[in-house]
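Peer 1: PDB, C-alpha atoms, saved as coords00.pdb, coming up:
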ATOM      1  CA  MET B   1     -25.419 -12.362   6.870  1.00  0.00           C
ATOM      2  CA  SER B   2     -21.655 -12.432   6.333  1.00  0.00           C
ATOM      3  CA  ASN B   3     -19.409 -12.027   9.343  1.00  0.00           C
ATOM      4  CA  PHE B   4     -16.085 -11.058   7.762  1.00  0.00           C
ATOM      5  CA  LEU B   5     -15.526  -7.335   7.163  1.00  0.00           C
ATOM      6  CA  GLN B   6     -11.992  -6.961   5.780  1.00  0.00           C
ATOM      7  CA  VAL B   7      -8.421  -8.099   6.238  1.00  0.00           C
ATOM      8  CA  THR B   8      -6.020  -5.574   7.786  1.00  0.00           C
ATOM      9  CA  PRO B   9      -2.483  -6.939   7.664  1.00  0.00           C
ATOM     10  CA  PHE B  10       0.321  -5.677   9.837  1.00  0.00           C
ATOM     11  CA  MET B  11       2.990  -3.893   7.844  1.00  0.00           C
ATOM     12  CA  HIS B  12       6.318  -3.608   9.646  1.00  0.00           C
ATOM     13  CA  VAL B  13       8.029  -0.279   8.940  1.00  0.00           C
ATOM     14  CA  THR B  14      11.305   1.217  10.139  1.00  0.00           C
ATOM     15  CA  ASP B  15       9.972   4.791  10.299  1.00  0.00           C
ATOM     16  CA  LEU B  16       6.316   5.108  11.272  1.00  0.00           C
ATOM     17  CA  GLU B  17       6.096   8.832  10.522  1.00  0.00           C
ATOM     18  CA  LYS B  18       7.546   8.378   7.026  1.00  0.00           C
ATOM     19  CA  ALA B  19       5.127   5.505   6.355  1.00  0.00           C
ATOM     20  CA  ILE B  20       2.136   7.554   7.522  1.00  0.00           C
ATOM     21  CA  VAL B  21       3.133  10.466   5.279  1.00  0.00           C
ATOM     22  CA  PHE B  22       3.511   8.094   2.307  1.00  0.00           C
ATOM     23  CA  PHE B  23       0.111   6.461   2.809  1.00  0.00           C
ATOM     24  CA  THR B  24      -1.772   9.688   3.568  1.00  0.00           C
ATOM     25  CA  ASP B  25      -0.085  12.199   1.261  1.00  0.00           C
ATOM     26  CA  ILE B  26       0.643   9.903  -1.702  1.00  0.00           C
ATOM     27  CA  LEU B  27      -2.037   7.172  -1.582  1.00  0.00           C
ATOM     28  CA  GLY B  28      -4.908   9.046   0.094  1.00  0.00           C
ATOM     29  CA  PHE B  29      -5.343   6.944   3.245  1.00  0.00           C
ATOM     30  CA  LYS B  30      -6.620   8.378   6.562  1.00  0.00           C
ATOM     31  CA  VAL B  31      -5.283   7.671  10.079  1.00  0.00           C
ATOM     32  CA  PRO B  32      -8.235   6.969  12.389  1.00  0.00           C
ATOM     33  CA  PHE B  33      -5.953   5.703  15.179  1.00  0.00           C
ATOM     34  CA  ARG B  34      -2.348   6.222  16.217  1.00  0.00           C
ATOM     35  CA  ALA B  35      -0.415   5.373  19.383  1.00  0.00           C
ATOM     36  CA  ASP B  36       3.346   5.266  20.012  1.00  0.00           C
ATOM     37  CA  ASN B  37       4.827   2.834  17.440  1.00  0.00           C
ATOM     38  CA  TYR B  38       1.490   1.827  15.872  1.00  0.00           C
ATOM     39  CA  ALA B  39      -0.989   3.384  13.455  1.00  0.00           C
ATOM     40  CA  TYR B  40      -4.127   2.095  11.813  1.00  0.00           C
ATOM     41  CA  ILE B  41      -4.653   3.532   8.324  1.00  0.00           C
ATOM     42  CA  HIS B  42      -7.754   3.144   6.213  1.00  0.00           C
ATOM     43  CA  ARG B  43      -9.192   4.015   2.807  1.00  0.00           C
ATOM     44  CA  GLU B  44     -12.646   2.832   1.734  1.00  0.00           C
ATOM     45  CA  THR B  45     -12.614  -0.922   2.573  1.00  0.00           C
ATOM     46  CA  VAL B  46      -8.817  -1.320   2.849  1.00  0.00           C
ATOM     47  CA  GLY B  47      -6.876  -1.042   6.082  1.00  0.00           C
ATOM     48  CA  PHE B  48      -3.302  -1.599   7.259  1.00  0.00           C
ATOM     49  CA  ARG B  49      -1.864  -1.785  10.731  1.00  0.00           C
ATOM     50  CA  LEU B  50       1.520  -0.065  10.612  1.00  0.00           C
ATOM     51  CA  LEU B  51       3.929  -1.220  13.283  1.00  0.00           C
ATOM     52  CA  GLU B  52       7.259   0.535  13.687  1.00  0.00           C
ATOM     53  CA  GLN B  53      10.033  -2.018  13.984  1.00  0.00           C
ATOM     54  CA  THR B  54      13.033  -0.668  15.869  1.00  0.00           C
ATOM     55  CA  CYS B  55      15.029  -3.884  16.131  1.00  0.00           C
ATOM     56  CA  ALA B  56      15.987  -6.155  13.208  1.00  0.00           C
ATOM     57  CA  GLU B  57      14.988  -9.217  15.224  1.00  0.00           C
ATOM     58  CA  GLU B  58      11.382  -7.992  15.495  1.00  0.00           C
ATOM     59  CA  GLY B  59       9.097  -9.444  12.840  1.00  0.00           C
ATOM     60  CA  ALA B  60       9.582  -9.184   9.102  1.00  0.00           C
ATOM     61  CA  PRO B  61      12.834  -8.089   7.471  1.00  0.00           C
ATOM     62  CA  PRO B  62      12.451  -4.500   6.231  1.00  0.00           C
ATOM     63  CA  GLY B  63      12.890  -3.133   2.754  1.00  0.00           C
ATOM     64  CA  ASN B  64      13.529  -6.168   0.586  1.00  0.00           C
ATOM     65  CA  ARG B  65      10.304  -6.337  -1.469  1.00  0.00           C
ATOM     66  CA  ARG B  66       9.596  -9.799  -0.084  1.00  0.00           C
ATOM     67  CA  TYR B  67       6.340  -8.462   1.326  1.00  0.00           C
ATOM     68  CA  SER B  68       3.639  -7.352  -1.079  1.00  0.00           C
ATOM     69  CA  TYR B  69       0.136  -6.142  -0.418  1.00  0.00           C
ATOM     70  CA  TYR B  70      -2.425  -6.543  -3.191  1.00  0.00           C
ATOM     71  CA  ILE B  71      -5.445  -4.247  -3.240  1.00  0.00           C
ATOM     72  CA  ASP B  72      -8.206  -5.159  -5.681  1.00  0.00           C
ATOM     73  CA  VAL B  73      -9.826  -2.059  -7.171  1.00  0.00           C
ATOM     74  CA  ARG B  74     -12.675  -1.455  -9.623  1.00  0.00           C
ATOM     75  CA  ASP B  75     -10.763   1.049 -11.785  1.00  0.00           C
ATOM     76  CA  VAL B  76      -6.966   0.999 -11.652  1.00  0.00           C
ATOM     77  CA  ASP B  77      -6.648   3.662 -14.361  1.00  0.00           C
ATOM     78  CA  GLY B  78      -8.998   5.968 -12.451  1.00  0.00           C
ATOM     79  CA  LEU B  79      -6.947   5.456  -9.288  1.00  0.00           C
ATOM     80  CA  TYR B  80      -3.753   6.191 -11.221  1.00  0.00           C
ATOM     81  CA  ALA B  81      -5.265   9.397 -12.606  1.00  0.00           C
ATOM     82  CA  GLU B  82      -6.287  10.419  -9.073  1.00  0.00           C
ATOM     83  CA  LEU B  83      -2.829   9.728  -7.608  1.00  0.00           C
ATOM     84  CA  LYS B  84      -0.604  10.652 -10.565  1.00  0.00           C
ATOM     85  CA  ALA B  85       0.527  14.084  -9.368  1.00  0.00           C
ATOM     86  CA  LYS B  86       1.595  12.599  -6.016  1.00  0.00           C
ATOM     87  CA  LEU B  87       3.114   9.473  -7.572  1.00  0.00           C
ATOM     88  CA  ASP B  88       5.224  11.720  -9.802  1.00  0.00           C
ATOM     89  CA  THR B  89       6.991  12.968  -6.646  1.00  0.00           C
ATOM     90  CA  LEU B  90       8.330   9.447  -5.957  1.00  0.00           C
ATOM     91  CA  PRO B  91      11.530   8.055  -7.491  1.00  0.00           C
ATOM     92  CA  GLU B  92      10.837   6.910 -11.062  1.00  0.00           C
ATOM     93  CA  LYS B  93      11.498   3.217 -10.396  1.00  0.00           C
ATOM     94  CA  ASP B  94       9.124   3.205  -7.399  1.00  0.00           C
ATOM     95  CA  VAL B  95       6.021   3.349  -9.641  1.00  0.00           C
ATOM     96  CA  TYR B  96       5.179   0.863 -12.394  1.00  0.00           C
ATOM     97  CA  GLY B  97       2.052   0.828 -14.501  1.00  0.00           C
ATOM     98  CA  PRO B  98      -0.782   0.707 -14.947  1.00  0.00           C
ATOM     99  CA  VAL B  99       0.033  -2.243 -17.171  1.00  0.00           C
ATOM    100  CA  ASP B 100      -1.793  -5.344 -18.381  1.00  0.00           C
ATOM    101  CA  GLN B 101      -0.262  -8.517 -16.957  1.00  0.00           C
ATOM    102  CA  PRO B 102      -0.294 -11.882 -18.768  1.00  0.00           C
ATOM    103  CA  TYR B 103      -2.272 -13.418 -15.873  1.00  0.00           C
ATOM    104  CA  GLY B 104      -5.349 -11.291 -16.602  1.00  0.00           C
ATOM    105  CA  GLN B 105      -4.865  -8.360 -14.230  1.00  0.00           C
ATOM    106  CA  ARG B 106      -4.238  -4.669 -14.949  1.00  0.00           C
ATOM    107  CA  GLU B 107      -1.921  -3.428 -12.210  1.00  0.00           C
ATOM    108  CA  LEU B 108      -0.317  -0.350 -10.702  1.00  0.00           C
ATOM    109  CA  LEU B 109       2.694  -1.119  -8.481  1.00  0.00           C
ATOM    110  CA  VAL B 110       4.019   1.370  -5.921  1.00  0.00           C
ATOM    111  CA  LEU B 111       7.059   0.817  -3.733  1.00  0.00           C
ATOM    112  CA  ALA B 112       6.598   2.163  -0.189  1.00  0.00           C
ATOM    113  CA  PRO B 113       9.538   3.816   1.632  1.00  0.00           C
ATOM    114  CA  ASP B 114      10.334   0.678   3.642  1.00  0.00           C
ATOM    115  CA  GLY B 115      10.482  -1.527   0.542  1.00  0.00           C
ATOM    116  CA  ASN B 116       6.981  -2.961   0.886  1.00  0.00           C
ATOM    117  CA  LEU B 117       5.317  -3.342  -2.502  1.00  0.00           C
ATOM    118  CA  ILE B 118       1.756  -2.051  -2.773  1.00  0.00           C
ATOM    119  CA  ALA B 119      -0.065  -3.451  -5.809  1.00  0.00           C
ATOM    120  CA  PHE B 120      -3.414  -2.161  -7.042  1.00  0.00           C
ATOM    121  CA  GLY B 121      -5.111  -4.413  -9.567  1.00  0.00           C
ATOM    122  CA  GLN B 122      -8.299  -5.133 -11.424  1.00  0.00           C
ATOM    123  CA  ALA B 123      -9.357  -8.079 -13.548  1.00  0.00           C
ATOM    124  CA  ILE B 124      -9.097  -7.456 -17.285  1.00  0.00           C
ATOM    125  CA  LYS B 125     -12.518  -7.935 -18.835  1.00  0.00           C
ATOM    126  CA  LYS B 126     -12.570 -10.540 -21.576  1.00  0.00           C
TER     127      LYS B 126
END
Translate the structure described by the file into structure tokens.

Peer 2:
Amino acid sequence: MSNFLQVTPFMHVTDLEKAIVFFTDILGFKVPFRADNYAYIHRETVGFRLLEQTCAEEGAPPGNRRYSYYIDVRDVDGLYAELKAKLDTLPEKDVYGPVDQPYGQRELLVLAPDGNLIAFGQAIKK
């Protein structure tokens, strides 16, 4: 029996409410827990722990795309079709793909409001 369930990284955000709206309204996540400057969001087997960062000295630097989160999916085109209407409400340069990458992945990239890059990808079948 395996013991590991999932990885749920902390994502530092400057505006927790804005991040929650992005993940729930645009990407379809749910919020099973929220308290003060923290929220746990979840969709299927993927979770994030959102932590509002009010001081620049706390944790990761915000909004510089240095932090990316890669979510492996079974059908990136199906996910894109599901989310397209909501993704179309984002700035044009905040969504890229789906596109085949030279390293064998088909990917959809979405820039979150705080500059964190959310990548959805699936292996290209050979």

Peer 1: Could you tell me how far CA of Phe22 (chain B) sits from CA of Ala35 (chain B), in Å to one decimal place?

Peer 2: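 Taking CA of Ala35 (chain B) as the start and CA of Phe22 (chain B) as the end point, the length is 17.7 Å.
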
Peer 1: Exactly which residues make up the result of the PyMOL selection byres ((chain B and resi 94-106) around 10) on this file, given as a VMD selection string?

Peer 2: chain B and resid 72 to 73 75 to 77 79 to 80 84 87 to 88 90 to 93 107 to 113 115 117 to 126

Peer 1: Name the residues within 8 Å of (-4.9, 7.4, -4.4), counting only C-alpha atoms in the file's coordinates, and put them as a list in words.

Peer 2: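 Residues with an atom close enough to that point: Ile26, Leu27, Gly28, Phe29, Leu79, Tyr80, Glu82 and Leu83 of chain B.
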
Peer 1: Residues as selected, C-alpha atoms, written as a short mmCIF file (atom, residue, chain, number, x, y, z; two decimals), keeping the file's coordinate frame, can you do that?

Peer 2:
data_model
loop_
_atom_site.label_atom_id
_atom_site.label_comp_id
_atom_site.auth_asym_id
_atom_site.auth_seq_id
_atom_site.Cartn_x
_atom_site.Cartn_y
_atom_site.Cartn_z
CA ILE B 26 0.64 9.90 -1.70
CA LEU B 27 -2.04 7.17 -1.58
CA GLY B 28 -4.91 9.05 0.09
CA PHE B 29 -5.34 6.94 3.24
CA LEU B 79 -6.95 5.46 -9.29
CA TYR B 80 -3.75 6.19 -11.22
CA GLU B 82 -6.29 10.42 -9.07
CA LEU B 83 -2.83 9.73 -7.61
#

Peer 1: Counting only C-alpha atoms, what is within 10 Å of region 38-47 of chain B, bar same-chain residues fewer than 6 positions away, as a VMD selection string?

Peer 2: chain B and resid 5 to 13 16 to 17 19 to 20 23 to 24 27 to 32 53 71 to 72

Peer 1: Could you tell me how far CA of Tyr70 (chain B) lies from CA of Asp25 (chain B), in Å and to one decimal?

Peer 2: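 So the two atoms, CA of Tyr70 (chain B) and CA of Asp25 (chain B), lie 19.4 Å apart.
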
Peer 1: At what distance in Å, to one decimal, does CA of Tyr69 (chain B) lie from CA of Leu51 (chain B)?

Peer 2: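 We find that CA of Leu51 (chain B) and CA of Tyr69 (chain B) lie 15.0 Å from each other.
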